[in-house]
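Peer 1: For reference, this is input22.cif, and it has mmCIF, C-alpha atoms and all ligand atoms.
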```
data_start
loop_
_atom_site.group_PDB
_atom_site.id
_atom_site.type_symbol
_atom_site.label_atom_id
_atom_site.label_comp_id
_atom_site.auth_asym_id
_atom_site.auth_seq_id
_atom_site.Cartn_x
_atom_site.Cartn_y
_atom_site.Cartn_z
ATOM 1 C CA MET S 1 115.606 6.941 -91.705
ATOM 2 C CA ASN S 2 112.467 6.954 -93.883
ATOM 3 C CA ILE S 3 111.118 4.168 -96.053
ATOM 4 C CA VAL S 4 110.375 5.647 -99.471
ATOM 5 C CA LEU S 5 108.246 3.850 -102.028
ATOM 6 C CA ILE S 6 108.964 4.869 -105.601
ATOM 7 C CA GLY S 7 107.675 3.572 -108.927
ATOM 8 C CA PHE S 8 105.228 4.258 -111.698
ATOM 9 C CA ARG S 9 101.576 5.158 -111.165
ATOM 10 C CA GLY S 10 99.475 2.217 -110.076
ATOM 11 C CA THR S 11 102.271 0.107 -108.651
ATOM 12 C CA GLY S 12 100.734 0.316 -105.180
ATOM 13 C CA LYS S 13 102.854 2.975 -103.449
ATOM 14 C CA SER S 14 100.002 4.675 -101.567
ATOM 15 C CA THR S 15 98.088 1.506 -100.668
ATOM 16 C CA ILE S 16 101.195 -0.315 -99.496
ATOM 17 C CA GLY S 17 102.594 2.787 -97.821
ATOM 18 C CA LYS S 18 99.500 3.168 -95.631
ATOM 19 C CA LEU S 19 99.502 -0.513 -94.658
ATOM 20 C CA LEU S 20 103.206 -0.441 -93.902
ATOM 21 C CA ALA S 21 102.828 2.709 -91.801
ATOM 22 C CA ASN S 22 100.099 0.940 -89.779
ATOM 23 C CA ARG S 23 102.256 -2.120 -89.258
ATOM 24 C CA LEU S 24 105.291 -0.098 -88.181
ATOM 25 C CA LYS S 25 103.231 2.480 -86.254
ATOM 26 C CA ARG S 26 104.818 5.241 -88.283
ATOM 27 C CA SER S 27 103.215 8.167 -90.020
ATOM 28 C CA PHE S 28 102.547 8.089 -93.714
ATOM 29 C CA VAL S 29 103.301 10.898 -96.158
ATOM 30 C CA ASP S 30 102.094 10.868 -99.751
ATOM 31 C CA THR S 31 103.840 13.583 -101.783
ATOM 32 C CA ASP S 32 100.815 14.088 -104.061
ATOM 33 C CA GLU S 33 98.465 14.430 -101.061
ATOM 34 C CA TYR S 34 100.915 16.853 -99.489
ATOM 35 C CA ILE S 35 100.867 18.960 -102.660
ATOM 36 C CA ILE S 36 97.062 18.861 -102.808
ATOM 37 C CA ASN S 37 96.818 19.970 -99.176
ATOM 38 C CA THR S 38 99.352 22.755 -99.413
ATOM 39 C CA THR S 39 98.234 24.197 -102.774
ATOM 40 C CA GLY S 40 94.502 23.596 -102.303
ATOM 41 C CA LYS S 41 94.409 22.248 -105.872
ATOM 42 C CA THR S 42 94.202 18.783 -107.337
ATOM 43 C CA ILE S 43 97.226 17.542 -109.285
ATOM 44 C CA LYS S 44 95.136 17.697 -112.429
ATOM 45 C CA GLU S 45 94.252 21.353 -111.761
ATOM 46 C CA ILE S 46 97.919 22.242 -111.263
ATOM 47 C CA PHE S 47 98.789 20.552 -114.579
ATOM 48 C CA GLN S 48 95.900 22.260 -116.394
ATOM 49 C CA GLU S 49 96.334 25.728 -114.911
ATOM 50 C CA GLU S 50 100.079 25.952 -114.450
ATOM 51 C CA GLY S 51 101.586 23.158 -116.528
ATOM 52 C CA GLU S 52 103.748 20.141 -115.804
ATOM 53 C CA LYS S 53 106.893 22.237 -115.319
ATOM 54 C CA LYS S 54 105.305 24.111 -112.418
ATOM 55 C CA PHE S 55 104.035 20.827 -110.929
ATOM 56 C CA ARG S 56 107.573 19.392 -111.047
ATOM 57 C CA GLN S 57 108.833 22.511 -109.255
ATOM 58 C CA ILE S 58 106.194 22.158 -106.509
ATOM 59 C CA GLU S 59 107.043 18.464 -106.285
ATOM 60 C CA ALA S 60 110.777 19.248 -105.904
ATOM 61 C CA ASP S 61 110.011 21.863 -103.209
ATOM 62 C CA THR S 62 107.909 19.265 -101.395
ATOM 63 C CA ILE S 63 110.670 16.665 -101.537
ATOM 64 C CA ALA S 64 113.149 19.251 -100.242
ATOM 65 C CA LEU S 65 110.918 19.735 -97.187
ATOM 66 C CA LEU S 66 110.941 15.984 -96.545
ATOM 67 C CA ARG S 67 114.682 16.148 -95.887
ATOM 68 C CA VAL S 68 113.939 17.063 -92.270
ATOM 69 C CA MET S 69 111.462 14.224 -91.790
ATOM 70 C CA ASP S 70 112.497 11.013 -90.120
ATOM 71 C CA LYS S 71 110.942 7.602 -89.477
ATOM 72 C CA LYS S 72 108.199 8.241 -92.035
ATOM 73 C CA ILE S 73 106.768 6.010 -94.690
ATOM 74 C CA ILE S 74 106.750 8.074 -97.870
ATOM 75 C CA ALA S 75 104.902 7.353 -101.110
ATOM 76 C CA ALA S 76 106.579 9.474 -103.774
ATOM 77 C CA GLY S 77 104.784 10.554 -106.960
ATOM 78 C CA GLY S 78 105.678 8.453 -109.987
ATOM 79 C CA GLY S 79 107.705 11.232 -111.597
ATOM 80 C CA VAL S 80 110.030 12.158 -108.706
ATOM 81 C CA VAL S 81 112.913 10.265 -110.316
ATOM 82 C CA LEU S 82 112.885 12.709 -113.244
ATOM 83 C CA ASN S 83 114.792 15.144 -111.064
ATOM 84 C CA ASN S 84 118.052 13.798 -109.707
ATOM 85 C CA LYS S 85 117.970 16.284 -106.822
ATOM 86 C CA ASN S 86 114.739 14.654 -105.590
ATOM 87 C CA VAL S 87 116.433 11.261 -105.614
ATOM 88 C CA GLU S 88 119.489 12.568 -103.768
ATOM 89 C CA THR S 89 117.306 14.175 -101.108
ATOM 90 C CA LEU S 90 115.175 11.092 -100.610
ATOM 91 C CA LYS S 91 118.265 8.877 -100.465
ATOM 92 C CA SER S 92 119.947 11.123 -97.908
ATOM 93 C CA ASN S 93 117.652 9.841 -95.175
ATOM 94 C CA GLY S 94 115.674 7.002 -96.699
ATOM 95 C CA VAL S 95 115.662 3.491 -98.074
ATOM 96 C CA LEU S 96 114.208 3.666 -101.582
ATOM 97 C CA ILE S 97 112.119 0.676 -102.548
ATOM 98 C CA LEU S 98 110.902 0.397 -106.128
ATOM 99 C CA LEU S 99 107.443 -1.064 -106.654
ATOM 100 C CA GLU S 100 106.877 -2.419 -110.141
ATOM 101 C CA ALA S 101 104.041 -4.036 -112.069
ATOM 102 C CA ALA S 102 103.265 -5.154 -115.611
ATOM 103 C CA PRO S 103 101.802 -2.383 -117.824
ATOM 104 C CA GLU S 104 98.558 -4.376 -118.282
ATOM 105 C CA ILE S 105 98.114 -4.572 -114.524
ATOM 106 C CA ILE S 106 98.965 -0.913 -114.010
ATOM 107 C CA HIS S 107 96.444 0.011 -116.689
ATOM 108 C CA LYS S 108 93.732 -2.007 -115.008
ATOM 109 C CA ARG S 109 94.535 -0.632 -111.537
ATOM 110 C CA ILE S 110 94.629 3.016 -112.543
ATOM 111 C CA SER S 111 91.483 2.819 -114.649
ATOM 112 C CA LEU S 112 89.651 1.435 -111.600
ATOM 113 C CA ASP S 113 91.218 3.860 -109.102
ATOM 114 C CA GLU S 114 89.041 6.895 -108.285
ATOM 115 C CA LYS S 115 92.217 8.892 -107.539
ATOM 116 C CA THR S 116 93.020 8.824 -111.265
ATOM 117 C CA MET S 117 90.448 11.459 -112.163
ATOM 118 C CA HIS S 118 91.989 14.177 -109.942
ATOM 119 C CA GLN S 119 95.522 13.031 -109.457
ATOM 120 C CA ARG S 120 96.661 11.519 -112.705
ATOM 121 C CA PRO S 121 96.509 13.913 -115.646
ATOM 122 C CA SER S 122 97.650 12.546 -118.998
ATOM 123 C CA LEU S 123 101.369 13.021 -119.399
ATOM 124 C CA THR S 124 101.469 12.396 -123.152
ATOM 125 C CA ASP S 125 98.950 12.335 -126.001
ATOM 126 C CA LYS S 126 99.448 8.612 -126.544
ATOM 127 C CA GLY S 127 96.369 7.198 -124.859
ATOM 128 C CA ALA S 128 96.380 5.498 -121.463
ATOM 129 C CA PHE S 129 97.934 2.104 -122.182
ATOM 130 C CA GLU S 130 100.549 3.316 -124.675
ATOM 131 C CA GLU S 131 101.481 6.102 -122.251
ATOM 132 C CA ILE S 132 102.130 3.603 -119.466
ATOM 133 C CA LYS S 133 104.392 1.453 -121.668
ATOM 134 C CA HIS S 134 106.182 4.468 -123.124
ATOM 135 C CA LEU S 135 106.878 6.217 -119.801
ATOM 136 C CA ILE S 136 107.976 3.073 -117.991
ATOM 137 C CA LYS S 137 110.453 2.418 -120.781
ATOM 138 C CA GLN S 138 111.628 6.010 -120.672
ATOM 139 C CA ARG S 139 111.978 6.085 -116.863
ATOM 140 C CA GLN S 140 113.139 2.528 -116.176
ATOM 141 C CA LYS S 141 116.817 3.419 -115.870
ATOM 142 C CA LEU S 142 116.021 6.243 -113.449
ATOM 143 C CA TYR S 143 113.876 3.963 -111.280
ATOM 144 C CA ASP S 144 116.581 1.278 -111.345
ATOM 145 C CA GLU S 145 119.321 3.691 -110.380
ATOM 146 C CA ALA S 146 117.326 5.328 -107.595
ATOM 147 C CA ALA S 147 116.175 2.187 -105.801
ATOM 148 C CA SER S 148 118.204 -0.045 -103.548
ATOM 149 C CA HIS S 149 115.478 -2.714 -103.519
ATOM 150 C CA ARG S 150 112.665 -3.685 -105.864
ATOM 151 C CA ILE S 151 109.429 -5.603 -105.582
ATOM 152 C CA ASN S 152 107.213 -6.777 -108.405
ATOM 153 C CA THR S 153 103.663 -6.230 -107.168
ATOM 154 C CA SER S 154 101.885 -7.667 -110.233
ATOM 155 C CA ASN S 155 100.418 -10.832 -108.808
ATOM 156 C CA LYS S 156 100.915 -10.376 -105.090
ATOM 157 C CA SER S 157 98.487 -9.527 -102.326
ATOM 158 C CA THR S 158 99.023 -6.317 -100.380
ATOM 159 C CA GLU S 159 99.922 -8.434 -97.312
ATOM 160 C CA GLU S 160 102.633 -10.266 -99.257
ATOM 161 C CA ILE S 161 104.141 -6.989 -100.459
ATOM 162 C CA VAL S 162 104.141 -5.506 -96.948
ATOM 163 C CA GLU S 163 105.833 -8.683 -95.643
ATOM 164 C CA GLU S 164 108.499 -8.398 -98.361
ATOM 165 C CA ILE S 165 109.232 -4.829 -97.333
ATOM 166 C CA LEU S 166 109.398 -5.817 -93.651
ATOM 167 C CA PHE S 167 111.842 -8.567 -94.625
ATOM 168 C CA ILE S 168 114.042 -6.061 -96.470
ATOM 169 C CA ILE S 169 113.976 -3.678 -93.503
ATOM 170 C CA GLY S 170 114.735 -6.556 -91.119
ATOM 171 C CA ASN S 171 117.817 -7.469 -93.157
ATOM 172 C CA LEU S 172 118.986 -3.874 -93.302
ATOM 173 C CA LYS S 173 118.592 -3.612 -89.530
ATOM 174 C CA ALA S 174 120.568 -6.824 -89.020
ATOM 175 C CA GLU S 175 123.353 -5.395 -91.217
ATOM 176 C CA GLY S 176 123.274 -2.160 -89.243
ATOM 177 C CA ASN S 177 122.152 -0.248 -92.329
ATOM 178 C CA TYR S 178 118.797 0.952 -91.051
HETATM 179 C C1 LIG E 201 102.955 11.306 -111.970
HETATM 180 C C2 LIG E 201 102.435 10.453 -111.028
HETATM 181 C C3 LIG E 201 101.389 10.847 -110.067
HETATM 182 C C4 LIG E 201 101.390 12.373 -109.848
HETATM 183 C C5 LIG E 201 101.347 13.100 -111.159
HETATM 184 C C6 LIG E 201 102.542 12.736 -112.058
HETATM 185 C C7 LIG E 201 103.989 10.812 -112.909
HETATM 186 O O1 LIG E 201 101.599 10.194 -108.826
HETATM 187 O O2 LIG E 201 102.515 12.771 -109.107
HETATM 188 O O3 LIG E 201 100.146 12.780 -111.787
HETATM 189 O O4 LIG E 201 104.649 11.617 -113.567
HETATM 190 O O5 LIG E 201 104.186 9.574 -112.984
HETATM 191 P P1 LIG E 201 101.246 8.613 -108.548
HETATM 192 O O6 LIG E 201 102.470 7.852 -108.966
HETATM 193 O O7 LIG E 201 101.047 8.582 -107.069
HETATM 194 O O8 LIG E 201 100.027 8.282 -109.322
#
```
Could I get this file's structure written as structure tokens?
Ligand code: S3P
Peer 2:
Amino acid sequence: MNIVLIGFRGTGKSTIGKLLANRLKRSFVDTDEYIINTTGKTIKEIFQEEGEKKFRQIEADTIALLRVMDKKIIAAGGGVVLNNKNVETLKSNGVLILLEAAPEIIHKRISLDEKTMHQRPSLTDKGAFEEIKHLIKQRQKLYDEAASHRINTSNKSTEEIVEEILFIIGNLKAEGNY
């Protein structure tokens, strides 16, 4: 069983995923990093050269490969929920935990994150902050339906978030569901 972190850009999936993997002595897989390594291109280059549709196809192919992985901590790209097949695959051998944060906080985090330049192409022509609000609203239902657990990361330290996830996993283990 994997632990899969889903949620919008800047909610902490990669940071928390790495910390959690360290704590649990598990390996960490970031779907965007996987795509960068296998294609030899940045996410932004794929969007610019081949378009979002092609990126979503590569992303779906990547998720399909994860089906055979076990005991991994996976940080899934923010848009994986757009394709129901991705969600089904991830759910088939994983606990999906939704990380959330207020749009203002997401905006601040992703403008300060150096990953943004290569990994986060604009997805609309709305401008950064409006895009965040718009896409969260548009995707909220999909995130809600995909996740079995959710954590608001807005005003929490990384340690607190990792502890919350460990608590969730502990409960699932006690119930025999992990
Ligand atoms: C995307 C999120 C990004 C990356 C791509 C598209 C999205 O991943 O997959 O830029 O549609 O929300 P992060 O959530 O890791 O930033």
Peer 1: Using all atoms listed in the file, find each residue with an atom at most 8 Å away from ligand LIG 201 (chain E) and format the answer as a list of chain:residue names.
Peer 2: S:Ile6, S:Gly7, S:Phe8, S:Arg9, S:Gly10, S:Thr11, S:Lys13, S:Ser14, S:Asp30, S:Thr31, S:Asp32, S:Ile43, S:Lys44, S:Glu59, S:Ala75, S:Ala76, S:Gly77, S:Gly78, S:Gly79, S:Val80, S:Thr116, S:Gln119, S:Arg120, S:Pro121, S:Ser122, S:Leu123
Peer 1: Can you spell out as a ChimeraX atom specification the set of residues that the PyMOL selection byres (((chain S and resi 131-140) around 10) and not hetatm) selects in the structure I just provided?
Peer 2: /S:7-10,78-79,81-82,100,102-104,106-107,122-130,141-146
Peer 1: Can you list, as a PyMOL selection string, the residues that the PyMOL selection byres (((chain S and resi 15-22) around 9) and not hetatm) selects here?
Peer 2: chain S and resi 3-5+12-14+23-30+72-75+158-159+161-163+165-166
Peer 1: Specify as a PyMOL selection string each residue included when the PyMOL selection byres (((chain S and resi 42) around 12) and not hetatm) is applied to this file.
Peer 2: chain S and resi 32-41+43-50+55+115-121
Peer 1: Let me make sure I understand: among S:Ser111, S:Thr62, S:Asn155, S:Asn2, which one has the smallest atom-to-atom distance to Asn86 (chain S) if we use all atoms listed in the file?
Peer 2: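 Closest to Asn86 (chain S), using all atoms listed in the file: S:Thr62.
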Peer 1: So what do you get for CA of Ala147 (chain S) versus CA of Leu98 (chain S), distance-wise?
Peer 2: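 One can read the CA of Ala147 (chain S) to CA of Leu98 (chain S) distance as 5.6 Å.
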Peer 1: Quick one, how far is CA of Asn152 (chain S) from CA of Ala101 (chain S)?
Peer 2: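 According to the coordinates, CA of Asn152 (chain S) and CA of Ala101 (chain S) are separated by 5.6 Å.
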Peer 1: Could you rebuild region 34-48 of chain S with N, CA, C and O atoms and give it back as an mmCIF file, in the coordinates of the input?
Peer 2:
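Output contents, as saved in rebuild-v3.cif:
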```cif
data_model
loop_
_atom_site.group_PDB
_atom_site.id
_atom_site.type_symbol
_atom_site.label_atom_id
_atom_site.label_comp_id
_atom_site.auth_asym_id
_atom_site.auth_seq_id
_atom_site.Cartn_x
_atom_site.Cartn_y
_atom_site.Cartn_z
ATOM 1 N N TYR S 34 100.285 15.689 -100.123
ATOM 2 C CA TYR S 34 100.915 16.853 -99.489
ATOM 3 C C TYR S 34 100.757 18.079 -100.398
ATOM 4 O O TYR S 34 100.412 19.160 -99.948
ATOM 5 N N ILE S 35 100.989 17.862 -101.691
ATOM 6 C CA ILE S 35 100.867 18.960 -102.660
ATOM 7 C C ILE S 35 99.410 19.443 -102.743
ATOM 8 O O ILE S 35 99.135 20.640 -102.758
ATOM 9 N N ILE S 36 98.489 18.497 -102.744
ATOM 10 C CA ILE S 36 97.062 18.861 -102.808
ATOM 11 C C ILE S 36 96.686 19.693 -101.578
ATOM 12 O O ILE S 36 96.024 20.721 -101.679
ATOM 13 N N ASN S 37 97.163 19.256 -100.412
ATOM 14 C CA ASN S 37 96.818 19.970 -99.176
ATOM 15 C C ASN S 37 97.454 21.347 -99.094
ATOM 16 O O ASN S 37 96.844 22.287 -98.614
ATOM 17 N N THR S 38 98.690 21.454 -99.564
ATOM 18 C CA THR S 38 99.352 22.755 -99.413
ATOM 19 C C THR S 38 98.934 23.751 -100.510
ATOM 20 O O THR S 38 98.882 24.947 -100.264
ATOM 21 N N THR S 39 98.612 23.257 -101.710
ATOM 22 C CA THR S 39 98.234 24.197 -102.774
ATOM 23 C C THR S 39 96.715 24.423 -102.815
ATOM 24 O O THR S 39 96.250 25.397 -103.410
ATOM 25 N N GLY S 40 95.961 23.488 -102.234
ATOM 26 C CA GLY S 40 94.502 23.596 -102.303
ATOM 27 C C GLY S 40 93.979 23.232 -103.686
ATOM 28 O O GLY S 40 92.837 23.526 -104.037
ATOM 29 N N LYS S 41 94.822 22.635 -104.510
ATOM 30 C CA LYS S 41 94.409 22.248 -105.872
ATOM 31 C C LYS S 41 94.647 20.770 -106.088
ATOM 32 O O LYS S 41 95.552 20.198 -105.461
ATOM 33 N N THR S 42 93.897 20.167 -106.989
ATOM 34 C CA THR S 42 94.202 18.783 -107.337
ATOM 35 C C THR S 42 95.423 18.793 -108.270
ATOM 36 O O THR S 42 95.751 19.819 -108.874
ATOM 37 N N ILE S 43 96.050 17.626 -108.394
ATOM 38 C CA ILE S 43 97.226 17.542 -109.285
ATOM 39 C C ILE S 43 96.797 17.882 -110.717
ATOM 40 O O ILE S 43 97.498 18.583 -111.447
ATOM 41 N N LYS S 44 95.624 17.431 -111.076
ATOM 42 C CA LYS S 44 95.136 17.697 -112.429
ATOM 43 C C LYS S 44 94.950 19.203 -112.652
ATOM 44 O O LYS S 44 95.305 19.729 -113.698
ATOM 45 N N GLU S 45 94.432 19.898 -111.639
ATOM 46 C CA GLU S 45 94.252 21.353 -111.761
ATOM 47 C C GLU S 45 95.597 22.055 -111.921
ATOM 48 O O GLU S 45 95.727 22.975 -112.723
ATOM 49 N N ILE S 46 96.595 21.606 -111.144
ATOM 50 C CA ILE S 46 97.919 22.242 -111.263
ATOM 51 C C ILE S 46 98.449 22.047 -112.683
ATOM 52 O O ILE S 46 98.936 22.980 -113.318
ATOM 53 N N PHE S 47 98.321 20.822 -113.212
ATOM 54 C CA PHE S 47 98.789 20.552 -114.579
ATOM 55 C C PHE S 47 98.033 21.433 -115.580
ATOM 56 O O PHE S 47 98.630 22.017 -116.479
ATOM 57 N N GLN S 48 96.709 21.521 -115.412
ATOM 58 C CA GLN S 48 95.900 22.260 -116.394
ATOM 59 C C GLN S 48 96.131 23.759 -116.311
ATOM 60 O O GLN S 48 96.241 24.437 -117.325
#
```
